[in-house]
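Colleague: Structure file final_32.cif (mmCIF, C-alpha atoms and all ligand atoms) is given on the next line.
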data_run
loop_
_atom_site.label_atom_id
_atom_site.label_comp_id
_atom_site.auth_asym_id
_atom_site.auth_seq_id
_atom_site.Cartn_x
_atom_site.Cartn_y
_atom_site.Cartn_z
CA MET A 273 232.08 97.74 -10.72
CA ARG A 274 229.95 100.81 -11.53
CA VAL A 275 226.36 100.33 -10.34
CA LEU A 276 223.47 102.65 -11.12
CA VAL A 277 220.66 102.41 -8.56
CA THR A 278 217.30 103.90 -9.55
CA GLY A 279 214.94 104.97 -6.75
CA ALA A 280 218.11 105.49 -4.70
CA GLY A 281 216.49 107.95 -2.28
CA GLY A 282 213.73 105.63 -1.05
CA PHE A 283 213.69 103.14 1.82
CA VAL A 284 215.84 100.41 0.25
CA GLY A 285 218.19 102.62 -1.82
CA PRO A 286 220.45 103.86 1.00
CA HIS A 287 220.77 100.33 2.47
CA LEU A 288 221.66 99.01 -0.99
CA ARG A 289 224.19 101.80 -1.59
CA ARG A 290 226.07 100.86 1.59
CA ALA A 291 225.95 97.12 0.82
CA LEU A 292 227.32 97.73 -2.69
CA GLN A 293 230.01 100.12 -1.45
CA ALA A 294 231.10 97.49 1.09
CA THR A 295 231.98 95.25 -1.86
CA GLY A 296 234.04 98.02 -3.49
CA ALA A 297 231.41 99.04 -6.05
CA GLU A 298 231.07 102.64 -7.21
CA VAL A 299 227.41 103.62 -6.78
CA PHE A 300 225.43 106.23 -8.71
CA GLY A 301 221.98 107.03 -7.31
CA LEU A 302 219.14 108.16 -9.55
CA GLY A 303 215.87 109.66 -8.36
CA PRO A 304 213.29 112.38 -8.98
CA HIS A 305 214.20 114.52 -5.94
CA PRO A 306 217.59 115.75 -4.74
CA ILE A 307 218.77 113.83 -1.65
CA PRO A 308 222.36 114.67 -0.67
CA GLY A 309 224.57 111.59 -0.50
CA GLU A 310 221.92 109.34 -2.02
CA VAL A 311 220.61 110.81 -5.30
CA ASP A 312 223.33 111.99 -7.71
CA LEU A 313 221.26 112.09 -10.91
CA LEU A 314 217.93 113.91 -10.91
CA VAL A 315 215.84 111.89 -13.32
CA ASP A 316 212.23 110.78 -13.59
CA VAL A 317 212.30 107.29 -15.11
CA THR A 318 209.12 107.96 -17.08
CA ASP A 319 211.22 110.47 -19.04
CA THR A 320 212.77 108.08 -21.57
CA LYS A 321 215.24 110.63 -22.96
CA ALA A 322 216.52 111.78 -19.57
CA THR A 323 216.86 108.17 -18.43
CA ALA A 324 218.84 107.24 -21.55
CA GLU A 325 221.11 110.28 -21.07
CA ALA A 326 221.76 109.40 -17.40
CA VAL A 327 222.58 105.77 -18.24
CA ALA A 328 224.85 106.86 -21.10
CA LYS A 329 226.63 109.30 -18.77
CA VAL A 330 227.26 106.77 -15.99
CA LYS A 331 228.10 103.83 -18.29
CA PRO A 332 227.27 101.34 -15.53
CA ASP A 333 228.30 97.69 -15.39
CA ALA A 334 224.99 97.00 -13.66
CA VAL A 335 221.68 98.71 -12.90
CA VAL A 336 219.45 97.91 -9.94
CA HIS A 337 216.02 99.23 -10.82
CA LEU A 338 214.31 100.04 -7.51
CA ALA A 339 212.42 103.15 -8.64
CA GLY A 340 208.68 102.89 -8.51
CA LEU A 341 205.43 103.54 -6.72
CA SER A 342 205.85 100.99 -3.96
CA SER A 343 202.58 101.38 -2.06
CA VAL A 344 199.77 98.98 -2.97
CA SER A 345 197.13 101.49 -1.87
CA GLU A 346 198.66 104.45 -3.76
CA CYS A 347 198.82 102.34 -6.94
CA GLY A 348 195.17 101.43 -6.45
CA LYS A 349 194.23 105.11 -6.17
CA GLU A 350 196.14 106.15 -9.30
CA PRO A 351 196.38 103.14 -11.64
CA MET A 352 197.49 105.06 -14.74
CA LYS A 353 200.29 106.81 -12.86
CA ALA A 354 201.27 103.44 -11.32
CA PHE A 355 201.58 101.77 -14.74
CA GLN A 356 203.45 104.78 -16.14
CA ILE A 357 206.03 104.71 -13.36
CA ASN A 358 206.32 101.00 -12.53
CA SER A 359 205.93 99.49 -15.99
CA GLY A 360 206.80 102.47 -18.24
CA GLY A 361 209.79 103.31 -16.00
CA ALA A 362 211.10 99.75 -16.40
CA LEU A 363 210.78 100.11 -20.18
CA SER A 364 212.80 103.37 -20.11
CA VAL A 365 215.53 101.73 -18.05
CA VAL A 366 215.93 98.54 -20.09
CA GLN A 367 215.92 100.45 -23.37
CA ALA A 368 218.51 102.88 -22.02
CA VAL A 369 220.73 99.94 -21.02
CA LEU A 370 220.37 98.23 -24.41
CA ALA A 371 221.31 101.51 -26.11
CA LEU A 372 224.65 101.41 -24.27
CA LYS A 373 225.68 98.51 -26.50
CA ALA A 374 228.01 97.40 -23.72
CA PRO A 375 227.79 94.61 -21.12
CA CYS A 376 225.47 95.77 -18.34
CA ARG A 377 223.33 93.56 -16.12
CA VAL A 378 219.89 94.81 -15.05
CA LEU A 379 218.38 93.63 -11.78
CA LEU A 380 214.70 94.46 -12.05
CA VAL A 381 213.12 94.69 -8.62
CA SER A 382 209.60 93.36 -8.94
CA SER A 383 207.60 92.00 -5.98
CA GLY A 384 206.11 88.86 -4.48
CA GLU A 385 202.76 90.65 -4.96
CA VAL A 386 202.82 89.46 -8.60
CA TYR A 387 201.72 85.97 -7.43
CA GLY A 388 198.38 87.35 -6.23
CA ALA A 389 195.56 84.82 -6.49
CA ALA A 390 198.04 82.06 -7.38
CA ALA A 391 199.38 82.18 -3.80
CA GLY A 392 198.13 79.49 -1.45
CA PRO A 393 198.96 78.58 2.14
CA ALA A 394 202.34 77.01 1.21
CA PRO A 395 205.46 78.99 0.23
CA ILE A 396 205.32 79.86 -3.47
CA ASP A 397 208.18 79.02 -5.81
CA GLU A 398 209.16 80.89 -8.97
CA GLY A 399 207.55 78.28 -11.24
CA LEU A 400 204.03 79.36 -10.26
CA LEU A 401 202.30 81.48 -12.89
CA PRO A 402 201.68 84.95 -11.41
CA ASP A 403 198.08 86.14 -11.16
CA PRO A 404 198.21 89.68 -9.70
CA MET A 405 195.17 90.77 -7.68
CA ASN A 406 195.91 94.47 -7.37
CA VAL A 407 197.19 97.31 -9.54
CA TYR A 408 200.61 97.28 -7.89
CA GLY A 409 201.10 93.56 -8.63
CA ALA A 410 199.92 94.04 -12.21
CA THR A 411 202.33 96.96 -12.81
CA LYS A 412 205.20 94.84 -11.48
CA ARG A 413 204.20 91.83 -13.60
CA ALA A 414 204.07 94.09 -16.66
CA ALA A 415 207.55 95.40 -15.79
CA GLU A 416 208.84 91.81 -15.57
CA ILE A 417 207.38 90.93 -18.97
CA ILE A 418 208.89 94.09 -20.50
CA ALA A 419 212.32 93.31 -19.04
CA LEU A 420 212.27 89.61 -19.96
CA GLN A 421 211.16 90.39 -23.52
CA HIS A 422 214.28 92.55 -23.94
CA ARG A 423 216.56 89.57 -23.29
CA TYR A 424 215.69 88.47 -26.83
CA GLN A 425 217.26 91.77 -27.94
CA GLY A 426 220.40 90.90 -25.92
CA LEU A 427 219.62 92.31 -22.45
CA ASP A 428 221.25 90.59 -19.47
CA VAL A 429 218.40 90.80 -16.97
CA ILE A 430 217.44 89.15 -13.70
CA ILE A 431 214.06 89.51 -12.00
CA ALA A 432 213.99 89.82 -8.21
CA ARG A 433 210.66 89.13 -6.49
CA PRO A 434 211.16 90.36 -2.93
CA PHE A 435 208.52 89.78 -0.28
CA ASN A 436 208.00 92.36 2.52
CA HIS A 437 211.19 93.78 3.97
CA ILE A 438 211.42 96.10 6.92
CA GLY A 439 213.92 98.24 8.79
CA PRO A 440 214.84 101.86 9.45
CA GLY A 441 214.01 104.39 6.74
CA GLN A 442 210.62 103.04 5.65
CA THR A 443 207.82 105.62 5.67
CA PRO A 444 204.69 105.23 7.83
CA THR A 445 202.57 104.59 4.72
CA PHE A 446 203.67 100.97 5.37
CA VAL A 447 202.11 98.88 8.09
CA LEU A 448 204.90 98.38 10.64
CA PRO A 449 206.36 101.91 10.56
CA SER A 450 202.75 103.13 10.85
CA PHE A 451 202.24 101.02 14.01
CA ALA A 452 205.61 102.17 15.40
CA GLN A 453 204.78 105.81 14.71
CA GLN A 454 201.41 105.57 16.44
CA VAL A 455 202.85 103.72 19.45
CA THR A 456 205.75 106.12 20.01
CA ARG A 457 203.44 109.16 20.08
CA VAL A 458 202.93 108.45 23.78
CA PRO A 459 205.84 108.18 26.22
CA ARG A 460 207.04 104.77 27.47
CA GLY A 461 204.71 103.35 30.12
CA GLY A 462 201.73 105.18 28.56
CA GLN A 463 198.57 103.86 26.91
CA VAL A 464 197.81 104.12 23.22
CA THR A 465 194.94 103.13 20.91
CA LEU A 466 196.29 101.81 17.65
CA GLU A 467 194.33 102.12 14.39
CA VAL A 468 194.86 99.02 12.27
CA GLY A 469 193.71 97.37 9.05
CA ASN A 470 193.47 93.62 8.43
CA LEU A 471 195.67 91.91 11.02
CA SER A 472 195.01 88.36 9.83
CA ALA A 473 196.90 88.68 6.51
CA VAL A 474 200.02 86.48 6.54
CA ARG A 475 203.18 87.87 4.95
CA ASP A 476 206.85 86.96 4.57
CA PHE A 477 208.92 89.56 6.44
CA SER A 478 212.69 90.00 6.17
CA HIS A 479 215.23 92.49 7.46
CA VAL A 480 216.03 94.98 4.69
CA GLU A 481 219.77 94.35 5.13
CA ASP A 482 219.31 90.67 4.22
CA ILE A 483 217.38 91.66 1.09
CA VAL A 484 219.99 94.14 -0.15
CA GLU A 485 222.68 91.49 0.37
CA ALA A 486 220.62 89.23 -1.89
CA TYR A 487 220.54 91.98 -4.56
CA VAL A 488 224.33 92.27 -4.41
CA LEU A 489 224.65 88.49 -4.73
CA LEU A 490 222.23 88.34 -7.67
CA LEU A 491 224.21 91.02 -9.53
CA ARG A 492 227.33 88.89 -9.24
CA GLN A 493 226.07 85.31 -9.27
CA GLY A 494 222.46 85.25 -10.46
CA LYS A 495 221.70 83.52 -13.74
CA GLY A 496 220.64 85.86 -16.56
CA GLY A 497 216.99 85.57 -17.61
CA GLU A 498 215.98 83.95 -14.30
CA VAL A 499 213.47 84.95 -11.63
CA TYR A 500 214.39 84.76 -7.93
CA ASN A 501 212.15 85.02 -4.87
CA LEU A 502 213.69 86.98 -1.97
CA GLY A 503 212.31 86.51 1.50
CA SER A 504 212.46 84.52 4.71
CA GLY A 505 210.24 81.63 3.63
CA VAL A 506 208.36 82.09 6.94
CA GLY A 507 204.75 83.25 7.13
CA ARG A 508 203.84 85.66 9.94
CA SER A 509 200.48 87.32 10.49
CA ILE A 510 200.44 91.11 10.74
CA GLU A 511 198.94 90.53 14.19
CA SER A 512 201.97 88.51 15.36
CA MET A 513 204.30 91.24 14.06
CA LEU A 514 202.24 93.83 15.93
CA GLN A 515 202.54 91.78 19.13
CA LEU A 516 206.33 91.64 18.75
CA LEU A 517 206.44 95.39 18.21
CA VAL A 518 204.15 96.16 21.16
CA ALA A 519 206.22 93.88 23.43
CA ARG A 520 209.32 95.91 22.55
CA SER A 521 207.62 99.30 22.82
CA GLY A 522 207.01 99.49 26.59
CA ARG A 523 203.46 100.86 26.06
CA GLU A 524 199.95 99.52 26.79
CA VAL A 525 198.25 99.11 23.42
CA THR A 526 194.57 98.76 22.55
CA VAL A 527 193.71 97.93 18.94
CA LYS A 528 190.90 99.57 16.93
CA VAL A 529 190.06 98.53 13.36
CA ASP A 530 189.96 101.51 11.00
CA PRO A 531 187.86 100.58 7.90
CA LYS A 532 189.92 103.09 5.84
CA ARG A 533 192.97 100.88 6.41
CA LEU A 534 191.30 97.72 5.06
CA ARG A 535 192.38 96.94 1.50
CA PRO A 536 189.55 96.15 -0.93
CA VAL A 537 191.34 93.04 -2.23
CA GLU A 538 193.69 91.31 0.18
CA ILE A 539 195.81 88.24 -0.58
CA PRO A 540 195.32 86.11 2.59
CA THR A 541 198.77 84.46 2.62
CA LEU A 542 201.86 85.50 0.66
CA VAL A 543 205.03 83.60 1.52
CA GLY A 544 207.96 82.84 -0.77
CA ASN A 545 209.97 79.69 -1.26
CA VAL A 546 213.54 81.02 -1.37
CA GLU A 547 215.48 77.81 -2.03
CA LYS A 548 216.62 79.02 -5.47
CA LEU A 549 218.28 82.08 -3.92
CA LYS A 550 219.77 80.00 -1.09
CA ALA A 551 221.32 77.67 -3.69
CA LEU A 552 223.46 80.67 -4.75
CA GLY A 553 224.84 80.85 -1.20
CA TRP A 554 222.52 83.48 0.31
CA LYS A 555 221.59 83.09 3.96
CA PRO A 556 219.56 85.60 5.99
CA THR A 557 221.46 86.64 9.12
CA ARG A 558 219.19 89.24 10.76
CA SER A 559 215.92 88.66 12.63
CA VAL A 560 212.62 90.50 12.23
CA ASP A 561 213.00 91.40 15.95
CA GLN A 562 216.15 93.34 15.09
CA ALA A 563 214.31 95.13 12.29
CA LEU A 564 211.35 95.98 14.56
CA SER A 565 213.67 97.34 17.27
CA ALA A 566 215.43 99.51 14.68
CA ILE A 567 212.07 100.85 13.41
CA LEU A 568 210.95 101.66 16.97
CA ASP A 569 214.29 103.35 17.77
CA GLU A 570 213.97 105.47 14.66
CA MET A 571 210.42 106.54 15.53
CA GLU A 572 211.38 107.29 19.18
CA ARG A 573 214.05 109.69 17.89
CA ARG A 574 211.68 111.51 15.51
CA PRO A 575 210.20 114.76 16.77
CA ALA A 576 206.42 114.52 17.29
CA PRO A 577 204.47 115.77 14.22
N1 LIG A 601 209.85 97.51 0.74
C1 LIG A 601 209.28 96.34 0.46
O1 LIG A 601 208.85 95.61 1.36
C2 LIG A 601 209.17 95.90 -0.97
C3 LIG A 601 208.64 94.62 -1.25
C4 LIG A 601 208.58 94.20 -2.57
C5 LIG A 601 209.03 95.02 -3.59
N2 LIG A 601 209.53 96.25 -3.30
C6 LIG A 601 210.01 97.10 -4.40
O2 LIG A 601 211.34 97.47 -4.14
C7 LIG A 601 211.60 98.76 -4.69
C8 LIG A 601 212.19 99.66 -3.62
O3 LIG A 601 211.26 99.70 -2.55
P1 LIG A 601 211.28 100.84 -1.45
O4 LIG A 601 210.62 100.24 -0.25
O5 LIG A 601 212.63 101.44 -1.33
O6 LIG A 601 210.29 101.91 -2.08
P2 LIG A 601 210.25 103.50 -1.84
O7 LIG A 601 208.88 103.93 -2.21
O8 LIG A 601 210.76 103.83 -0.49
O9 LIG A 601 211.30 104.03 -2.90
C9 LIG A 601 211.01 104.11 -4.26
C10 LIG A 601 211.84 105.22 -4.84
O10 LIG A 601 211.49 105.37 -6.22
C11 LIG A 601 211.47 106.74 -6.51
N3 LIG A 601 210.62 107.02 -7.66
C12 LIG A 601 209.26 107.01 -7.71
N4 LIG A 601 208.84 107.40 -8.91
C13 LIG A 601 209.95 107.64 -9.65
C14 LIG A 601 210.16 108.09 -10.97
N5 LIG A 601 209.14 108.35 -11.78
N6 LIG A 601 211.43 108.25 -11.39
C15 LIG A 601 212.49 107.97 -10.58
N7 LIG A 601 212.34 107.55 -9.31
C16 LIG A 601 211.09 107.40 -8.85
C17 LIG A 601 210.93 107.41 -5.26
O11 LIG A 601 211.29 108.78 -5.21
C18 LIG A 601 211.61 106.58 -4.17
O12 LIG A 601 212.83 107.16 -3.80
C19 LIG A 601 210.27 99.27 -5.24
O13 LIG A 601 210.23 99.04 -6.63
C20 LIG A 601 209.24 98.39 -4.53
O14 LIG A 601 208.06 98.26 -5.29
C21 LIG A 601 209.62 96.70 -2.02
#
As structure tokens, how would this structure be written, given the file I've shared?

Modeller:
Amino acid sequence: MRVLVTGAGGFVGPHLRRALQATGAEVFGLGPHPIPGEVDLLVDVTDTKATAEAVAKVKPDAVVHLAGLSSVSECGKEPMKAFQINSGGALSVVQAVLALKAPCRVLLVSSGEVYGAAAGPAPIDEGLLPDPMNVYGATKRAAEIIALQHRYQGLDVIIARPFNHIGPGQTPTFVLPSFAQQVTRVPRGGQVTLEVGNLSAVRDFSHVEDIVEAYVLLLRQGKGGEVYNLGSGVGRSIESMLQLLVARSGREVTVKVDPKRLRPVEIPTLVGNVEKLKALGWKPTRSVDQALSAILDEMERRPAP
């Protein structure tokens, strides 16, 4: 199986490459910057022609579309750029695949953020009508609509709605790597003041390796035209995740709220019901503790900035 992975040089891409290769797949990574061993095709997905040429060259059996602006706050700062990359990029990719005129499944990686205001305290299932509350969620919802519309032109497409996933390789623009980076600036046994945003928000955290296994499963066994939530189904406050991280860090931590880190619109609770994915045989096998330890280990090894 030849699989083209867009956004291959980001956090998830390298984990996905290894999971696909473990199943015998041949992986081709696409991205805007050269990253040896990860990005083979230098392409910006907003460039429709270059995207079509890359897809035609690889002739994949499947495409996993990870490429995008993945930070909620960065999308909020540059909404036009966010729509161009996240929604326009999805359009480039699905049109490039249709132009192949050959069987090729597209796994469009959206986000649980699309549920937005529709999310309540209980885990959300795929039947709930999305109501995005931020630019990022809206760009992902638009990408879903674009991809699903193309199934009427013959596209074999599946929508993945992952909730938060964590592990080594994620940049400190995201909450847990940011905490880990701040904590590991002082040696073990030391004291540190941590700058935080809203700790009360409840999210659904998974180990990145469990999520990429779900992508591999969806490529092989997902039903075309369907939407699947990917997550743990368990709600955890950011505060409880911080406590787990601090307990593992071996430092004394004092918390200080930094108003710059508070998001203007915050979904209080965002947890997925993942029974539809589990019905395909998927079962998470790694804990968030393992992911947090891996993030801390990675930050401990990094030279101080
Ligand atoms: N990490 C999570 O918790 C999470 C949760 C839900 C959804 N997602 C989605 O999963 C996907 C992968 O997430 P990630 O954490 O690896 O994100 P990431 O930001 O680490 O990686 C995204 C990649 O896309 C690339 N990219 C950006 N603009 C591009 C363009 N114009 N053309 C080609 N490539 C471009 C970037 O260079 C980067 O390598 C993203 O679409 C993200 O929105 C992630």

Colleague: As a quick test: using all atoms listed in the file, which residues lie no more than 6 Å away from ligand LIG 601 (chain A)? Give them as a VMD selection string.

Modeller: chain A and resid 279 to 285 303 to 304 315 to 318 338 to 342 357 381 to 383 434 to 437

Colleague: So which one's closest to Ala368 in chain A, A:Ile567, A:Ala326, A:Val277, A:Met352? Using all atoms listed in the file, please.

Modeller: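 Checking each candidate against Ala368 in chain A, we get A:Ala326 as the closest.
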
Colleague: Which neighbours of Leu549 in chain A fall inside 9 Å, counting all atoms listed in the file, when residues of the same chain fewer than 6 positions from it are skipped, and could you give them as a list in words?

Modeller: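 The residues satisfying every condition are Ala486, Leu490, Gly494, Tyr500, Asn501, Leu502 and Lys555 of chain A.
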
Colleague: Please, what distance in Å, to one decimal, runs between CA of Val506 in chain A and CA of Ser521 in chain A?

Modeller: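 Between CA of Val506 in chain A and CA of Ser521 in chain A the gap is 23.4 Å.
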
Colleague: Quick one: of A:Met571, A:Val525, A:Val299, A:Leu380, who's nearest to Gln463 in chain A, counting only C-alpha atoms?

Modeller: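 So, comparing all the options, the nearest one is A:Val525.
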
Colleague: Looking at only C-alpha atoms, which of A:Val366, A:Leu552, A:Leu448, A:Val386 is the one that sits closest to Gly426 in chain A?

Modeller: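 The closest residue to Gly426 in chain A is A:Val366.
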
Colleague: So, with all atoms listed in the file as the atoms that count, which of A:Val529, A:Ala415, A:Val560, A:Ala432 lies closest to Gly384 in chain A?

Modeller: A:Ala432

Colleague: Would you mind listing what lies within 9 Å of Gly522 in chain A as JSON, numbers by chain, with all atoms listed in the file counted and same-chain residues fewer than 5 positions away left out?

Modeller: {"A": [459, 460, 461, 462]}

Colleague: Hey, which of A:Thr465, A:Thr278, A:Thr541, A:Asn358 ends up closest to Phe477 in chain A? Count only C-alpha atoms.

Modeller: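 Selected residue with least distance to Phe477 in chain A: A:Thr541.
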